[in-house]
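> So that you have it, the file is data_14.tsv, and it contains TSV, C-alpha atoms and all ligand atoms:
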```tsv
chain	number	residue	atom	x	y	z
C	1	MET	CA	28.34	10.13	-12.77
C	2	SER	CA	26.22	8.46	-10.15
C	3	VAL	CA	23.92	10.17	-7.67
C	4	SER	CA	23.39	8.70	-4.21
C	5	PRO	CA	19.82	8.18	-2.95
C	6	ASP	CA	20.41	10.86	-0.29
C	7	GLU	CA	21.59	13.42	-2.87
C	8	PHE	CA	18.66	12.52	-5.12
C	9	ARG	CA	16.12	12.98	-2.30
C	10	ALA	CA	17.76	16.21	-1.14
C	11	VAL	CA	17.67	17.91	-4.51
C	12	LEU	CA	14.12	16.75	-5.30
C	13	GLY	CA	13.08	18.12	-1.89
C	14	ARG	CA	14.03	21.59	-3.17
C	15	PHE	CA	11.18	21.33	-5.68
C	16	PRO	CA	7.94	22.20	-3.87
C	17	SER	CA	4.76	20.44	-4.93
C	18	GLY	CA	1.09	20.39	-4.10
C	19	VAL	CA	-0.43	17.35	-2.43
C	20	THR	CA	-3.27	15.20	-3.76
C	21	VAL	CA	-5.23	12.16	-2.70
C	22	VAL	CA	-5.90	9.97	-5.71
C	23	SER	CA	-9.02	7.83	-5.35
C	24	THR	CA	-10.28	4.90	-7.37
C	25	ARG	CA	-12.24	1.65	-6.86
C	26	GLY	CA	-10.89	-1.85	-6.39
C	27	ALA	CA	-12.17	-4.83	-8.41
C	28	ASP	CA	-14.44	-5.62	-5.43
C	29	GLY	CA	-15.90	-2.09	-5.54
C	30	SER	CA	-14.02	-0.93	-2.44
C	31	ASP	CA	-12.81	2.66	-2.17
C	32	GLN	CA	-9.04	2.93	-2.62
C	33	GLY	CA	-6.97	6.06	-2.16
C	34	MET	CA	-3.44	7.27	-1.52
C	35	THR	CA	-1.50	10.47	-1.02
C	36	VAL	CA	0.29	11.44	-4.23
C	37	SER	CA	2.58	14.39	-4.91
C	38	ALA	CA	3.86	13.06	-8.25
C	39	PHE	CA	0.99	14.58	-10.19
C	40	CYS	CA	1.26	16.99	-13.09
C	41	SER	CA	-0.48	18.32	-16.15
C	42	LEU	CA	0.56	16.70	-19.42
C	43	SER	CA	-1.49	18.01	-22.36
C	44	LEU	CA	-4.10	20.68	-23.00
C	45	ASP	CA	-5.62	19.22	-26.18
C	46	PRO	CA	-6.61	16.56	-25.34
C	47	PRO	CA	-6.65	17.42	-21.62
C	48	LEU	CA	-4.29	14.91	-19.98
C	49	VAL	CA	-2.69	14.61	-16.55
C	50	LEU	CA	-0.30	12.03	-15.12
C	51	ILE	CA	0.46	10.46	-11.78
C	52	CYS	CA	3.48	8.31	-10.87
C	53	ILE	CA	2.71	5.35	-8.62
C	54	GLU	CA	5.26	3.05	-6.99
C	55	HIS	CA	4.90	-0.60	-8.06
C	56	SER	CA	4.76	-1.68	-4.42
C	57	ALA	CA	1.94	0.72	-3.46
C	58	SER	CA	-1.16	-1.08	-2.24
C	59	VAL	CA	-3.34	1.05	-4.54
C	60	HIS	CA	-1.15	0.33	-7.62
C	61	GLU	CA	-3.27	-2.61	-8.77
C	62	ALA	CA	-6.56	-0.71	-8.55
C	63	LEU	CA	-5.10	2.34	-10.30
C	64	THR	CA	-3.75	0.26	-13.17
C	65	THR	CA	-6.93	-1.76	-13.68
C	66	ALA	CA	-9.89	0.51	-12.83
C	67	PRO	CA	-11.33	2.53	-15.73
C	68	GLY	CA	-10.24	5.77	-14.09
C	69	PHE	CA	-9.41	7.77	-10.98
C	70	ALA	CA	-10.07	11.10	-9.28
C	71	VAL	CA	-7.35	13.53	-8.21
C	72	ASN	CA	-8.38	15.39	-5.03
C	73	ILE	CA	-6.20	18.51	-4.71
C	74	LEU	CA	-5.76	19.08	-0.98
C	75	SER	CA	-6.26	22.42	0.73
C	76	ALA	CA	-4.02	23.85	3.46
C	77	ARG	CA	-6.49	22.56	6.05
C	78	GLN	CA	-6.00	18.93	4.99
C	79	GLU	CA	-2.57	17.98	6.32
C	80	GLN	CA	-4.17	15.27	8.47
C	81	ILE	CA	-5.85	13.84	5.37
C	82	ALA	CA	-2.50	13.75	3.53
C	83	ARG	CA	-0.97	11.94	6.51
C	84	ARG	CA	-3.89	9.52	6.82
C	85	PHE	CA	-3.84	8.52	3.14
C	86	SER	CA	-0.16	7.64	3.31
C	87	ILE	CA	-0.37	5.38	6.38
C	88	VAL	CA	0.21	1.69	5.69
C	89	ASP	CA	-2.41	-0.92	6.59
C	90	ILE	CA	-5.32	1.19	7.81
C	91	GLU	CA	-8.82	1.64	6.45
C	92	ARG	CA	-8.03	5.09	5.00
C	93	PHE	CA	-11.61	6.18	4.28
C	94	GLU	CA	-12.94	5.33	7.75
C	95	GLY	CA	-14.24	8.49	9.42
C	96	VAL	CA	-13.36	10.64	6.39
C	97	GLY	CA	-16.11	12.74	4.80
C	98	PHE	CA	-16.60	12.22	1.09
C	99	THR	CA	-19.19	12.15	-1.69
C	100	ARG	CA	-19.05	10.28	-4.98
C	101	SER	CA	-18.23	11.51	-8.49
C	102	SER	CA	-20.46	10.53	-11.41
C	103	SER	CA	-17.94	7.77	-12.21
C	104	GLY	CA	-18.17	6.49	-8.64
C	105	TYR	CA	-14.84	7.66	-7.19
C	106	ALA	CA	-14.51	9.27	-3.75
C	107	ILE	CA	-14.47	13.06	-3.67
C	108	LEU	CA	-13.11	14.15	-0.29
C	109	ASP	CA	-14.78	17.00	1.61
C	110	ASP	CA	-12.94	20.37	1.83
C	111	ILE	CA	-10.67	19.89	-1.20
C	112	LEU	CA	-9.37	22.77	-3.30
C	113	GLY	CA	-9.97	21.10	-6.64
C	114	LEU	CA	-11.02	17.87	-8.29
C	115	ILE	CA	-9.91	16.27	-11.55
C	116	GLU	CA	-11.84	13.20	-12.68
C	117	CYS	CA	-10.01	11.05	-15.21
C	118	ARG	CA	-10.44	8.10	-17.52
C	119	ARG	CA	-7.24	6.06	-17.64
C	120	VAL	CA	-5.79	6.17	-21.17
C	121	ALA	CA	-2.19	4.95	-20.89
C	122	LEU	CA	0.37	3.25	-18.64
C	123	HIS	CA	4.14	3.68	-19.01
C	124	GLU	CA	6.91	2.07	-17.00
C	125	GLY	CA	9.33	4.41	-15.25
C	126	GLY	CA	11.87	2.60	-13.05
C	127	ASP	CA	10.11	1.47	-9.88
C	128	HIS	CA	7.00	3.53	-10.70
C	129	THR	CA	4.19	3.32	-13.24
C	130	ILE	CA	3.27	6.55	-15.02
C	131	ILE	CA	-0.51	6.58	-15.28
C	132	VAL	CA	-2.02	8.94	-17.83
C	133	GLY	CA	-5.60	10.09	-17.43
C	134	GLU	CA	-7.85	12.01	-19.79
C	135	VAL	CA	-9.72	14.66	-17.84
C	136	GLU	CA	-13.49	14.19	-17.98
C	137	ALA	CA	-14.69	16.59	-15.27
C	138	THR	CA	-13.25	19.20	-12.93
C	139	ARG	CA	-14.31	21.21	-9.92
C	140	ILE	CA	-12.64	24.16	-8.18
C	141	GLU	CA	-13.17	25.69	-4.75
C	142	ILE	CA	-11.90	28.82	-2.99
C	143	GLY	CA	-8.94	28.29	-0.63
C	144	THR	CA	-5.19	27.82	-0.38
C	145	PRO	CA	-3.19	24.69	-1.21
C	146	LEU	CA	-1.36	22.23	0.98
C	147	LEU	CA	2.30	22.05	-0.10
C	148	TYR	CA	5.08	19.50	0.34
C	149	TYR	CA	8.65	20.80	0.56
C	150	ARG	CA	11.92	19.31	1.84
C	151	GLY	CA	10.15	16.29	3.32
C	152	GLY	CA	7.51	18.27	5.24
C	153	TYR	CA	4.14	19.91	4.79
C	154	ALA	CA	4.03	23.66	4.17
C	155	GLN	CA	1.65	26.45	3.24
C	156	LEU	CA	1.87	29.51	1.02
C	157	GLU	CA	2.93	32.77	2.66
C	158	HIS	CA	1.42	35.81	1.07
H	201	LIG	C1	3.43	13.81	0.79
H	201	LIG	C2	3.44	12.42	0.20
H	201	LIG	C3	3.47	12.25	-1.17
H	201	LIG	C4	3.47	10.97	-1.74
H	201	LIG	N1	3.50	10.86	-3.10
H	201	LIG	C5	3.53	9.63	-3.66
H	201	LIG	C6	3.55	9.51	-5.08
H	201	LIG	O1	3.53	10.50	-5.82
H	201	LIG	N2	3.56	8.25	-5.60
H	201	LIG	C7	3.59	7.12	-4.82
H	201	LIG	O2	3.63	6.02	-5.36
H	201	LIG	N3	3.55	7.22	-3.46
H	201	LIG	C8	3.51	8.44	-2.88
H	201	LIG	N4	3.45	8.56	-1.51
H	201	LIG	C9	3.39	7.31	-0.69
H	201	LIG	C10	1.95	6.78	-0.57
H	201	LIG	O3	1.03	7.79	-0.18
H	201	LIG	C11	1.84	5.66	0.51
H	201	LIG	O4	2.40	6.11	1.71
H	201	LIG	C12	2.59	4.41	0.12
H	201	LIG	O5	2.02	3.90	-1.07
H	201	LIG	C13	2.55	3.34	1.22
H	201	LIG	O6	1.24	2.90	1.42
H	201	LIG	P1	0.81	1.41	0.94
H	201	LIG	O7	1.63	0.44	1.71
H	201	LIG	O8	-0.64	1.33	1.24
H	201	LIG	O9	1.16	1.36	-0.49
H	201	LIG	C14	3.45	9.82	-0.92
H	201	LIG	C15	3.41	9.99	0.48
H	201	LIG	C16	3.41	11.26	1.03
H	201	LIG	C17	3.37	11.40	2.54
```
Before we go any further, please render this structure as structure tokens.
Ligand SMILES: Cc1cc2nc3c(=O)[nH]c(=O)nc-3n(C[C@H](O)[C@H](O)[C@H](O)COP(=O)(O)O)c2cc1C

Amino acid sequence: MSVSPDEFRAVLGRFPSGVTVVSTRGADGSDQGMTVSAFCSLSLDPPLVLICIEHSASVHEALTTAPGFAVNILSARQEQIARRFSIVDIERFEGVGFTRSSSGYAILDDILGLIECRRVALHEGGDHTIIVGEVEATRIEIGTPLLYYRGGYAQLEH
């Protein structure tokens, strides 16, 4: 049985996710970051998470070569940040407020949570690379998450 790309997208769109910006550093030390919804927890002991990054993504090289990365979990107020970090061919960090983690990765202002990782494994998955990170530090803040559902941004209704 084969599934058309439209059917595949439609059914995956029924699975809501949070939205993150994954940041790392390029070989030249430049800040690199992209919007990523394919993020999930993997293991508790040791603490592992994974992200899935398309081979063609401009940040793919940095994420597969840098020692690690930081997962910025976006809050409901950060839809514009999610949009900005998915735009092609712009300087994504320009005008964006951020500080630096102890490992040197960008921590965006106003996030809901932060997961700093050391890269421990790479696996091939079709047109994506599955990047596994061991969690070295975390931070949580009060707030509500930004969600992605059926191809659009959404928020929790309580
Ligand atoms: C809500 C949202 C979630 C995304 N999630 C992923 C993802 O999990 N993995 C991925 O490789 N690209 C993801 N992207 C696409 C990248 O953020 C980015 O748009 C893409 O890599 C094109 O930019 P580039 O040309 O700089 O690579 C997502 C985009 C949006 C808007």
> Counting all atoms listed in the file, what is within 7 Å of Ala62 (chain C), bar same-chain residues fewer than 4 positions away, as a ChimeraX atom specification?
/C:24-27,66
> For ligand LIG 201 (chain H), collect every residue having any atom at a distance of at most 6 Å from a ligand atom (counting only C-alpha atoms and all ligand atoms); output as a list in words.
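Checking only C-alpha atoms and all ligand atoms against ligand LIG 201 (chain H) at 6 Å gives Met34, Thr35, Val36, Ser37, Ala38, Cys52, Ile53, Glu54, Ala57, Ser58, Arg83, Phe85, Ser86, Ile87, Val88 and Tyr148 of chain C.
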> Name the closest residue to Glu141 (chain C) among the candidates C:Ser102, C:Gln155, C:Asn72, C:Thr129; distances are taken between atoms, counting all atoms listed in the file.
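Smallest distance to Glu141 (chain C) is found for C:Asn72.
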> What gap, in Å, lies between CA of Phe69 (chain C) and CA of Arg119 (chain C)?
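One can read the CA of Phe69 (chain C) to CA of Arg119 (chain C) distance as 7.2 Å.
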> Can you list, as a PyMOL selection string, every protein, DNA or RNA residue that comes within 6 Å of Ser75 (chain C) when you count all atoms listed in the file, leaving out same-chain residues fewer than 2 positions away?
chain C and resi 77-78+111-112+144-146
